[in-house]
Amino acid sequence: MVLLHVLFEHAAGYALLVVREVEEISLLLPQVEESILNFGKFHSIVRLLAFFPFKSAQSALENVNAISEGILHEDLRLFLETNLPAKKKKTLLGVSDTKIGAAIQEELGYQCQTGGVVAEITRGIRLHFHTLVKGLTAQSASKAQLGLGHSYSRAKVKFNVNRVDNMIIQSISLLDQLDKDINTFSMRVREWYGYHFPELIKIVSDNYTYCRLAKCIANRRELSEERLEALEEIVMDSAKAQAILDASRSSMGMDISPIDLINIESFSSRVISLSEYRKGLQEYLRSKMGQVAPSLSALIGEVVGARLISHAGSLTNLAKYPASTVQILGAEKALFRALKTRGNTPKYGLIFHSTFIGRAATRNKGRISRYLANKCTIASRIDCFSDVPTSVFGDKLREQVEERLAFYETGEPPRKNLDVMKEAMVEATEVAAEIKKKEKKKRKREKKRLEALAVAAAAEEAENSVLETTMEAEENDTEPKKKKKRKHQETSLDENGLAEELLPKKQKKLAQEEPPQSDKKKKKKVQEED
């Protein structure tokens with residue numbers, strides 16, 4: 001008869017349970033499934049044979065990582081070898097994961113089973129685990145699961161603050177939204193201020209410059225040659241500034257009230273601030289792309305690369321896409337419409353905004369977009385899976401695209417991909433070594449700074465302790481000085497004959513407590529003595 005053992009992996013440790021005689025068919029019945037929910041009935045089926053608690057959180061994480069990857073950890077090997085019967089043919093081990101089951105069967109020789117009976121029993125063990133193991137409460141079990149879950153997810157994600165592509169996705173989305181808003185607001189300023197100074201629209205085409213001029217000029221009737229320098233600073237052209245001044249003198253615009261001008265100026269200043277914020281956001285996006293995807297940004301540009309990452313959902317998703325998907329990424333509607341109507345499928349999507357496709361001839365646009373999508377896929381995979389991100393591969397891939405463009409135009413053969421990648425590998429290793437050196441130096445500087453701060457804090461504490469001891473010593477010295485002073489006063493009084501003879505303490509107290517006697521009583525006492 002084959003005896004069924006079930007291995008259960010918990011955040012607290014490994015548990016090995018023995019299943020008594022159970023028919024597999026009976027476990028599928030609803031009544032038996034309900035009996036698993038009841039601990040009394042379930043305990044009659046399953047018995048805890050052994051429990052191996054993890055020594056620390058680090059040990060638990062190592063074991064869970066090994067199980068997830070289908071590797072038999074040393075702790076699990078020792079636990080199974082110690083507690084399982086020696087007769088391997090008469091032992092059947094139930095496990096919840098097929099990978100770890102295959103590893104146990106290969107290395108230890110025990111026959112493993114997953115699904116069916118094991119799945120139902122594992123469900124019951126998971127429900128009643130804290131009652132099966134003595135000394136383990138439901139609260140402590142849930143805390144262990146929560147802690148291990150956090151540490152496991154952190155280890156899997158390998159969280160790096162500098163390489164988070166979520167910030168790129170949000171930045172490019174905000175940048176696109178700002179472009180739309182600034183364009184809408186600028187058109188509103190043009191229409192509003194155009195009633196007063198319509199000629200300015202033809203002279204200045206840039207929205208940002210127009211808003212700055214509208215704020216600077218305000219009432220066109222007050223514009224004089226004294227403000228010509230201010231106009232030149234904004235327009236960066238003396239001829240244009242002079243044209244604006246001349247147009248203001250012979251303008252056909254209507255007069256405008258001061259309150260309307262104030263509103264136009266305040267709205268113009270809002271549009272100007274939005275435009276300046278957009279410039280800052282673009283710089284932030286450029287620096288972030290340099291940290292997260294330097295090869296992709298070097299190949300296709302920061303904005304187009306960020307749009308590709310945003311459309312894919314993450315850099316990892318983009319790295320998983322084939323080149324054919326990257327080529328038409330962003331043109332899904334056109335693709336499905338073409339498939340529905342049996343027309344021509346689109347040749348490019350978001351990568352159309354790169355400079356390469358614009359520079360190619362009409363007949364070569366499809367070929368260069370296919371080649372560029374291939375290089376973008378390579379660059380995204382390098383950025384996603386490289387330990388030290390560098391722009392070396394991106395620069396080399398860009399050179400290859402340039403050579404391919406030249407080949408389409410002139411027929412000059414480009415370099416082989418293998419040669420280019422060999423050069424890139426050599427340069428990348430050098431750059432990575434330099435980056436590691438810089439990081440090492442930075443860590444050393446940080447360490448020195450922290451040590452200096454610790455030394456300064458220790459010195460300050462020593463100074464404070466010295467000050468406290470000196471203060472205490474001074475306080476102790478002042479008390480005997482006061483006593484000496486009192487004694488000095490008493491001796492001086494004795495010398496002058498004003499003090500009485502030194503009496504014992506009790507007599508002094510009595511003398512102080514007795515009230516002063518009258519002169520008559522003193523005379524009577526003297527007469528009686530005589």
# chains A, B, ... in the order shown; residues from 1 in each chain; ligands from 1
call {"tool": "residues_around", "arguments": {"residues": "stretch 85-97 of chain A", "least_positions_apart": "3", "cutoff": "8 Å", "atoms": "only C-alpha atoms", "output": "ChimeraX atom specification"}}
result
/A:1-8,100-101,109-115,118-119,122
call {"tool": "write_last_selection", "arguments": {"atoms": "all heavy atoms", "output": "CSV table (one decimal), in the first residue's frame"}}
result
chain,number,residue,atom,x,y,z
A,1,MET,N,0.8,-1.2,0.0
A,1,MET,CA,0.0,0.0,0.0
A,1,MET,C,0.9,1.2,0.0
A,1,MET,O,1.8,1.4,0.8
A,1,MET,CB,-0.9,0.0,1.3
A,1,MET,CG,-1.8,1.2,1.4
A,1,MET,SD,-2.6,1.2,3.0
A,1,MET,CE,-3.0,2.9,3.1
A,2,VAL,N,0.5,2.2,-0.9
A,2,VAL,CA,1.3,3.4,-1.0
A,2,VAL,C,0.8,4.5,0.0
A,2,VAL,O,-0.4,4.7,0.0
A,2,VAL,CB,1.3,4.0,-2.5
A,2,VAL,CG1,2.0,5.3,-2.6
A,2,VAL,CG2,1.8,3.0,-3.4
A,3,LEU,N,1.7,5.0,0.8
A,3,LEU,CA,1.3,6.0,1.8
A,3,LEU,C,1.5,7.4,1.2
A,3,LEU,O,2.6,7.7,0.7
A,3,LEU,CB,2.1,5.8,3.0
A,3,LEU,CG,1.6,6.6,4.3
A,3,LEU,CD1,0.2,6.1,4.7
A,3,LEU,CD2,2.6,6.4,5.4
A,4,LEU,N,0.5,8.3,1.3
A,4,LEU,CA,0.5,9.6,0.7
A,4,LEU,C,1.0,10.6,1.8
A,4,LEU,O,0.4,10.7,2.8
A,4,LEU,CB,-0.8,10.0,0.1
A,4,LEU,CG,-0.9,11.4,-0.4
A,4,LEU,CD1,0.0,11.6,-1.7
A,4,LEU,CD2,-2.4,11.8,-0.8
A,5,HIS,N,2.1,11.3,1.4
A,5,HIS,CA,2.6,12.4,2.2
A,5,HIS,C,2.4,13.7,1.4
A,5,HIS,O,2.5,13.7,0.2
A,5,HIS,CB,4.1,12.3,2.6
A,5,HIS,CG,4.4,11.1,3.5
A,5,HIS,ND1,4.3,9.8,3.1
A,5,HIS,CD2,4.7,11.1,4.8
A,5,HIS,CE1,4.6,9.1,4.1
A,5,HIS,NE2,4.9,9.8,5.2
A,6,VAL,N,2.1,14.8,2.1
A,6,VAL,CA,1.9,16.1,1.5
A,6,VAL,C,2.9,17.1,2.0
A,6,VAL,O,3.0,17.3,3.3
A,6,VAL,CB,0.4,16.6,1.7
A,6,VAL,CG1,0.2,18.0,1.0
A,6,VAL,CG2,-0.6,15.6,1.1
A,7,LEU,N,3.6,17.7,1.1
A,7,LEU,CA,4.5,18.8,1.5
A,7,LEU,C,3.8,20.1,1.4
A,7,LEU,O,3.3,20.5,0.3
A,7,LEU,CB,5.8,18.8,0.6
A,7,LEU,CG,6.8,19.9,0.8
A,7,LEU,CD1,7.5,19.8,2.1
A,7,LEU,CD2,7.8,19.9,-0.4
A,8,PHE,N,3.8,20.9,2.4
A,8,PHE,CA,3.2,22.3,2.4
A,8,PHE,C,4.2,23.3,2.7
A,8,PHE,O,4.9,23.2,3.8
A,8,PHE,CB,2.1,22.3,3.4
A,8,PHE,CG,1.3,23.6,3.4
A,8,PHE,CD1,0.5,23.9,2.3
A,8,PHE,CD2,1.4,24.5,4.5
A,8,PHE,CE1,-0.2,25.1,2.3
A,8,PHE,CE2,0.7,25.7,4.5
A,8,PHE,CZ,-0.1,26.0,3.4
A,100,ILE,N,8.9,22.0,-8.5
A,100,ILE,CA,9.6,21.5,-7.3
A,100,ILE,C,9.4,20.0,-7.2
A,100,ILE,O,10.2,19.3,-6.7
A,100,ILE,CB,9.1,22.3,-6.0
A,100,ILE,CG1,10.1,22.0,-4.9
A,100,ILE,CG2,7.7,21.9,-5.7
A,100,ILE,CD1,11.5,22.6,-5.1
A,101,GLY,N,8.2,19.5,-7.7
A,101,GLY,CA,7.9,18.1,-7.7
A,101,GLY,C,8.9,17.3,-8.6
A,101,GLY,O,9.5,16.3,-8.2
A,109,GLY,N,14.4,10.9,-5.6
A,109,GLY,CA,13.9,9.6,-6.1
A,109,GLY,C,12.5,9.3,-5.6
A,109,GLY,O,12.0,8.2,-5.9
A,110,TYR,N,11.8,10.2,-4.9
A,110,TYR,CA,10.5,10.0,-4.5
A,110,TYR,C,9.5,10.4,-5.6
A,110,TYR,O,9.6,11.4,-6.2
A,110,TYR,CB,10.2,10.9,-3.2
A,110,TYR,CG,10.9,10.4,-2.0
A,110,TYR,CD1,12.0,11.1,-1.5
A,110,TYR,CD2,10.4,9.3,-1.2
A,110,TYR,CE1,12.7,10.6,-0.4
A,110,TYR,CE2,11.1,8.9,-0.1
A,110,TYR,CZ,12.2,9.6,0.3
A,110,TYR,OH,12.9,9.1,1.4
A,111,GLN,N,8.5,9.5,-5.7
A,111,GLN,CA,7.4,9.8,-6.7
A,111,GLN,C,6.5,11.0,-6.2
A,111,GLN,O,6.1,10.9,-5.0
A,111,GLN,CB,6.6,8.5,-6.9
A,111,GLN,CG,5.7,8.6,-8.1
A,111,GLN,CD,4.8,7.4,-8.3
A,111,GLN,OE1,5.0,6.4,-7.6
A,111,GLN,NE2,3.9,7.4,-9.3
A,112,CYS,N,6.3,11.9,-7.1
A,112,CYS,CA,5.5,13.1,-6.7
A,112,CYS,C,4.2,13.2,-7.5
A,112,CYS,O,4.1,12.8,-8.6
A,112,CYS,CB,6.4,14.4,-6.9
A,112,CYS,SG,7.8,14.5,-5.9
A,113,GLN,N,3.2,13.8,-6.8
A,113,GLN,CA,1.9,14.0,-7.4
A,113,GLN,C,1.4,15.4,-7.2
A,113,GLN,O,1.6,16.0,-6.1
A,113,GLN,CB,0.9,13.0,-6.8
A,113,GLN,CG,-0.5,13.0,-7.4
A,113,GLN,CD,-1.4,12.1,-6.8
A,113,GLN,OE1,-1.0,11.2,-6.0
A,113,GLN,NE2,-2.7,12.3,-7.0
A,114,THR,N,0.8,15.9,-8.2
A,114,THR,CA,0.1,17.3,-8.1
A,114,THR,C,-1.3,17.2,-8.6
A,114,THR,O,-1.6,16.4,-9.5
A,114,THR,CB,0.9,18.3,-8.9
A,114,THR,OG1,1.0,17.8,-10.3
A,114,THR,CG2,2.3,18.6,-8.4
A,115,GLY,N,-2.2,18.0,-8.1
A,115,GLY,CA,-3.6,18.1,-8.5
A,115,GLY,C,-4.4,17.0,-7.9
A,115,GLY,O,-3.9,16.1,-7.2
A,118,VAL,N,-4.3,16.0,-3.9
A,118,VAL,CA,-3.3,16.9,-3.3
A,118,VAL,C,-3.9,18.3,-3.2
A,118,VAL,O,-3.7,19.0,-2.3
A,118,VAL,CB,-2.0,16.8,-4.1
A,118,VAL,CG1,-1.0,17.8,-3.5
A,118,VAL,CG2,-1.4,15.4,-4.0
A,119,ALA,N,-4.5,18.7,-4.3
A,119,ALA,CA,-5.1,20.1,-4.4
A,119,ALA,C,-6.1,20.3,-3.3
A,119,ALA,O,-6.1,21.4,-2.6
A,119,ALA,CB,-5.7,20.4,-5.8
A,122,THR,N,-4.4,20.2,0.2
A,122,THR,CA,-3.6,21.5,0.3
A,122,THR,C,-4.5,22.6,0.7
A,122,THR,O,-4.2,23.5,1.5
A,122,THR,CB,-2.8,21.8,-1.0
A,122,THR,OG1,-2.0,20.7,-1.3
A,122,THR,CG2,-1.9,23.0,-0.8
call {"tool": "select_by_dssp", "arguments": {"residues": "stretch 8-79 of chain A", "states": "strand (DSSP E or B)", "output": "JSON, numbers by chain"}}
result
{"A": [8, 9, 13, 14, 15, 16, 17, 18, 19, 46, 47, 48, 49, 50, 51, 52, 53]}
call {"tool": "select_by_dssp", "arguments": {"residues": "stretch 239-461 of chain A", "states": "helix (DSSP H, G or I)", "output": "ChimeraX atom specification"}}
result
/A:239-249,258-292,294-300,302-312,315-320,323-327,332-341,350-353,355-359,362-385,392-410,417-461
call {"tool": "closest_atom_pairs", "arguments": {"of": "stretch 95-210 of chain A", "to": "stretch 253-259 of chain A", "cutoff": "7 Å", "atoms": "only C-alpha atoms", "output": "JSON lines"}}
result
{"residue": "A:Tyr195", "atom": "CA", "partner": "A:Gly253", "partner_atom": "CA", "distance": 5.6}
{"residue": "A:His196", "atom": "CA", "partner": "A:Gly253", "partner_atom": "CA", "distance": 4.5}
{"residue": "A:Phe197", "atom": "CA", "partner": "A:Gly253", "partner_atom": "CA", "distance": 5.1}
{"residue": "A:Pro198", "atom": "CA", "partner": "A:Gly253", "partner_atom": "CA", "distance": 6.0}
call {"tool": "write_last_selection", "arguments": {"atoms": "all heavy atoms", "output": "PDB file, in the first residue's frame"}}
result
ATOM      1  N   TYR A 195      -8.508  91.810 -30.524  1.00  0.00           N
ATOM      2  CA  TYR A 195      -9.477  92.913 -30.650  1.00  0.00           C
ATOM      3  C   TYR A 195      -8.794  94.266 -30.493  1.00  0.00           C
ATOM      4  O   TYR A 195      -9.175  95.247 -31.118  1.00  0.00           O
ATOM      5  CB  TYR A 195     -10.570  92.779 -29.581  1.00  0.00           C
ATOM      6  CG  TYR A 195     -11.488  91.590 -29.780  1.00  0.00           C
ATOM      7  CD1 TYR A 195     -11.668  90.666 -28.759  1.00  0.00           C
ATOM      8  CD2 TYR A 195     -12.178  91.404 -30.969  1.00  0.00           C
ATOM      9  CE1 TYR A 195     -12.515  89.577 -28.917  1.00  0.00           C
ATOM     10  CE2 TYR A 195     -13.014  90.326 -31.145  1.00  0.00           C
ATOM     11  CZ  TYR A 195     -13.187  89.421 -30.119  1.00  0.00           C
ATOM     12  OH  TYR A 195     -14.016  88.343 -30.291  1.00  0.00           O
ATOM     13  N   HIS A 196      -7.783  94.295 -29.640  1.00  0.00           N
ATOM     14  CA  HIS A 196      -7.083  95.553 -29.346  1.00  0.00           C
ATOM     15  C   HIS A 196      -5.905  95.798 -30.294  1.00  0.00           C
ATOM     16  O   HIS A 196      -5.663  96.939 -30.703  1.00  0.00           O
ATOM     17  CB  HIS A 196      -6.582  95.513 -27.894  1.00  0.00           C
ATOM     18  CG  HIS A 196      -5.842  96.738 -27.471  1.00  0.00           C
ATOM     19  ND1 HIS A 196      -6.399  97.994 -27.477  1.00  0.00           N
ATOM     20  CD2 HIS A 196      -4.551  96.889 -27.032  1.00  0.00           C
ATOM     21  CE1 HIS A 196      -5.511  98.870 -27.050  1.00  0.00           C
ATOM     22  NE2 HIS A 196      -4.375  98.225 -26.782  1.00  0.00           N
ATOM     23  N   PHE A 197      -5.174  94.719 -30.628  1.00  0.00           N
ATOM     24  CA  PHE A 197      -3.968  94.874 -31.460  1.00  0.00           C
ATOM     25  C   PHE A 197      -3.926  93.712 -32.474  1.00  0.00           C
ATOM     26  O   PHE A 197      -3.160  92.754 -32.319  1.00  0.00           O
ATOM     27  CB  PHE A 197      -2.735  94.866 -30.556  1.00  0.00           C
ATOM     28  CG  PHE A 197      -1.463  95.336 -31.211  1.00  0.00           C
ATOM     29  CD1 PHE A 197      -1.424  95.770 -32.532  1.00  0.00           C
ATOM     30  CD2 PHE A 197      -0.265  95.331 -30.503  1.00  0.00           C
ATOM     31  CE1 PHE A 197      -0.265  96.195 -33.132  1.00  0.00           C
ATOM     32  CE2 PHE A 197       0.914  95.753 -31.087  1.00  0.00           C
ATOM     33  CZ  PHE A 197       0.910  96.182 -32.411  1.00  0.00           C
ATOM     34  N   PRO A 198      -4.750  93.755 -33.536  1.00  0.00           N
ATOM     35  CA  PRO A 198      -4.830  92.616 -34.467  1.00  0.00           C
ATOM     36  C   PRO A 198      -3.581  92.399 -35.317  1.00  0.00           C
ATOM     37  O   PRO A 198      -3.315  91.288 -35.769  1.00  0.00           O
ATOM     38  CB  PRO A 198      -6.034  92.971 -35.349  1.00  0.00           C
ATOM     39  CG  PRO A 198      -6.202  94.440 -35.224  1.00  0.00           C
ATOM     40  CD  PRO A 198      -5.684  94.825 -33.882  1.00  0.00           C
TER      41      PRO A 198
END
call {"tool": "atom_distance", "arguments": {"atom1": "atom CA of A:Glu69", "atom2": "atom CA of A:Phe52"}}
result
20.6 Å
call {"tool": "residues_around", "arguments": {"residues": "A:Gly366", "least_positions_apart": "6", "cutoff": "10 Å", "atoms": "only C-alpha atoms", "output": "number ranges by chain"}}
result
A: 327, 346-348, 357, 360, 372
call {"tool": "write_last_selection", "arguments": {"atoms": "C-alpha atoms", "output": "short mmCIF file (atom, residue, chain, number, x, y, z; two decimals), in the first residue's frame"}}
result
data_model
loop_
_atom_site.label_atom_id
_atom_site.label_comp_id
_atom_site.auth_asym_id
_atom_site.auth_seq_id
_atom_site.Cartn_x
_atom_site.Cartn_y
_atom_site.Cartn_z
CA GLN A 327 6.98 49.13 -36.14
CA PRO A 346 0.27 50.76 -42.13
CA LYS A 347 4.05 50.90 -42.51
CA TYR A 348 4.78 52.79 -39.28
CA ILE A 357 11.65 58.25 -41.74
CA ALA A 360 14.04 58.82 -46.34
CA LEU A 372 14.49 51.23 -37.42
#
call {"tool": "closest_residue", "arguments": {"among": "A:Leu174, A:Val420, A:Ala243, A:Leu49", "to": "A:Arg307", "atoms": "only C-alpha atoms"}}
result
A:Leu174
call {"tool": "residues_around", "arguments": {"residues": "A:Gly149", "least_positions_apart": "5", "cutoff": "9 Å", "atoms": "only C-alpha atoms", "output": "list of chain:residue names"}}
result
A:Ala11, A:Leu61, A:Ala144, A:Arg154
call {"tool": "write_last_selection", "arguments": {"atoms": "N, CA, C and O atoms", "output": "PDB file, in the first residue's frame"}}
result
ATOM      1  N   ALA A  11       5.037  30.468   4.966  1.00  0.00           N
ATOM      2  CA  ALA A  11       5.993  31.545   5.275  1.00  0.00           C
ATOM      3  C   ALA A  11       6.750  31.272   6.571  1.00  0.00           C
ATOM      4  O   ALA A  11       7.874  31.746   6.758  1.00  0.00           O
ATOM      5  N   LEU A  61      13.195  33.769   2.640  1.00  0.00           N
ATOM      6  CA  LEU A  61      13.239  34.337   1.288  1.00  0.00           C
ATOM      7  C   LEU A  61      14.058  33.461   0.340  1.00  0.00           C
ATOM      8  O   LEU A  61      13.653  33.229  -0.804  1.00  0.00           O
ATOM      9  N   ALA A 144       3.825  36.598   9.206  1.00  0.00           N
ATOM     10  CA  ALA A 144       4.923  35.948   8.483  1.00  0.00           C
ATOM     11  C   ALA A 144       4.670  35.965   6.981  1.00  0.00           C
ATOM     12  O   ALA A 144       5.573  36.242   6.183  1.00  0.00           O
ATOM     13  N   ARG A 154       9.907  42.432  -3.487  1.00  0.00           N
ATOM     14  CA  ARG A 154      11.026  43.376  -3.648  1.00  0.00           C
ATOM     15  C   ARG A 154      12.211  42.705  -4.341  1.00  0.00           C
ATOM     16  O   ARG A 154      12.859  43.302  -5.207  1.00  0.00           O
TER      17      ARG A 154
END
call {"tool": "residues_around", "arguments": {"residues": "A:Asp165", "least_positions_apart": "3", "cutoff": "7 Å", "atoms": "only C-alpha atoms", "output": "VMD selection string"}}
result
chain A and resid 168 to 169 292 314 to 315
call {"tool": "write_last_selection", "arguments": {"atoms": "C-alpha atoms", "output": "PDB file, in the first residue's frame"}}
result
ATOM      1  CA  ILE A 168       8.571  58.478 -17.854  1.00  0.00           C
ATOM      2  CA  ILE A 169       5.036  57.316 -18.693  1.00  0.00           C
ATOM      3  CA  VAL A 292      16.243  54.440 -17.691  1.00  0.00           C
ATOM      4  CA  SER A 314       6.587  49.642 -19.455  1.00  0.00           C
ATOM      5  CA  LEU A 315      10.134  49.178 -20.721  1.00  0.00           C
TER       6      LEU A 315
END
call {"tool": "closest_residue", "arguments": {"among": "A:Ala141, A:Ala459, A:Gly70, A:Ile217", "to": "A:Glu106", "atoms": "only C-alpha atoms"}}
result
A:Gly70
call {"tool": "closest_residue", "arguments": {"among": "A:Ala454, A:Met167, A:Leu48, A:Ile262", "to": "A:Lys134", "atoms": "only C-alpha atoms"}}
result
A:Leu48
call {"tool": "decode", "arguments": {"residues": "stretch 302-338 of chain A", "atoms": "C-alpha atoms", "output": "PDB file, in the first residue's frame"}}
result
ATOM      1  CA  GLU A 302      13.865  61.042 -25.828  1.00  0.00           C
ATOM      2  CA  VAL A 303      10.290  62.014 -26.725  1.00  0.00           C
ATOM      3  CA  VAL A 304       9.644  59.229 -29.269  1.00  0.00           C
ATOM      4  CA  GLY A 305      11.317  56.666 -26.984  1.00  0.00           C
ATOM      5  CA  ALA A 306       9.182  57.812 -24.042  1.00  0.00           C
ATOM      6  CA  ARG A 307       6.044  57.545 -26.207  1.00  0.00           C
ATOM      7  CA  LEU A 308       6.968  53.973 -27.161  1.00  0.00           C
ATOM      8  CA  ILE A 309       7.481  53.027 -23.480  1.00  0.00           C
ATOM      9  CA  SER A 310       4.198  54.724 -22.514  1.00  0.00           C
ATOM     10  CA  HIS A 311       2.251  52.972 -25.283  1.00  0.00           C
ATOM     11  CA  ALA A 312       3.744  49.572 -24.394  1.00  0.00           C
ATOM     12  CA  GLY A 313       3.010  50.084 -20.674  1.00  0.00           C
ATOM     13  CA  SER A 314       6.587  49.642 -19.455  1.00  0.00           C
ATOM     14  CA  LEU A 315      10.134  49.178 -20.721  1.00  0.00           C
ATOM     15  CA  THR A 316       9.906  45.438 -19.991  1.00  0.00           C
ATOM     16  CA  ASN A 317       6.775  45.114 -22.132  1.00  0.00           C
ATOM     17  CA  LEU A 318       8.470  47.029 -24.955  1.00  0.00           C
ATOM     18  CA  ALA A 319      11.494  44.713 -24.714  1.00  0.00           C
ATOM     19  CA  LYS A 320       9.184  41.697 -25.056  1.00  0.00           C
ATOM     20  CA  TYR A 321       7.590  42.991 -28.271  1.00  0.00           C
ATOM     21  CA  PRO A 322       8.900  41.781 -31.637  1.00  0.00           C
ATOM     22  CA  ALA A 323      10.161  44.323 -34.184  1.00  0.00           C
ATOM     23  CA  SER A 324       7.000  43.950 -36.295  1.00  0.00           C
ATOM     24  CA  THR A 325       4.861  45.076 -33.324  1.00  0.00           C
ATOM     25  CA  VAL A 326       7.169  48.004 -32.496  1.00  0.00           C
ATOM     26  CA  GLN A 327       6.983  49.129 -36.138  1.00  0.00           C
ATOM     27  CA  ILE A 328       3.190  49.659 -36.066  1.00  0.00           C
ATOM     28  CA  LEU A 329       2.907  50.547 -32.361  1.00  0.00           C
ATOM     29  CA  GLY A 330       0.463  53.445 -32.179  1.00  0.00           C
ATOM     30  CA  ALA A 331      -1.274  52.642 -35.495  1.00  0.00           C
ATOM     31  CA  GLU A 332      -3.551  49.871 -34.212  1.00  0.00           C
ATOM     32  CA  LYS A 333      -6.741  51.463 -35.549  1.00  0.00           C
ATOM     33  CA  ALA A 334      -5.297  51.783 -39.049  1.00  0.00           C
ATOM     34  CA  LEU A 335      -4.028  48.180 -38.892  1.00  0.00           C
ATOM     35  CA  PHE A 336      -7.380  46.672 -37.911  1.00  0.00           C
ATOM     36  CA  ARG A 337      -9.219  48.868 -40.400  1.00  0.00           C
ATOM     37  CA  ALA A 338      -6.867  47.641 -43.141  1.00  0.00           C
TER      38      ALA A 338
END
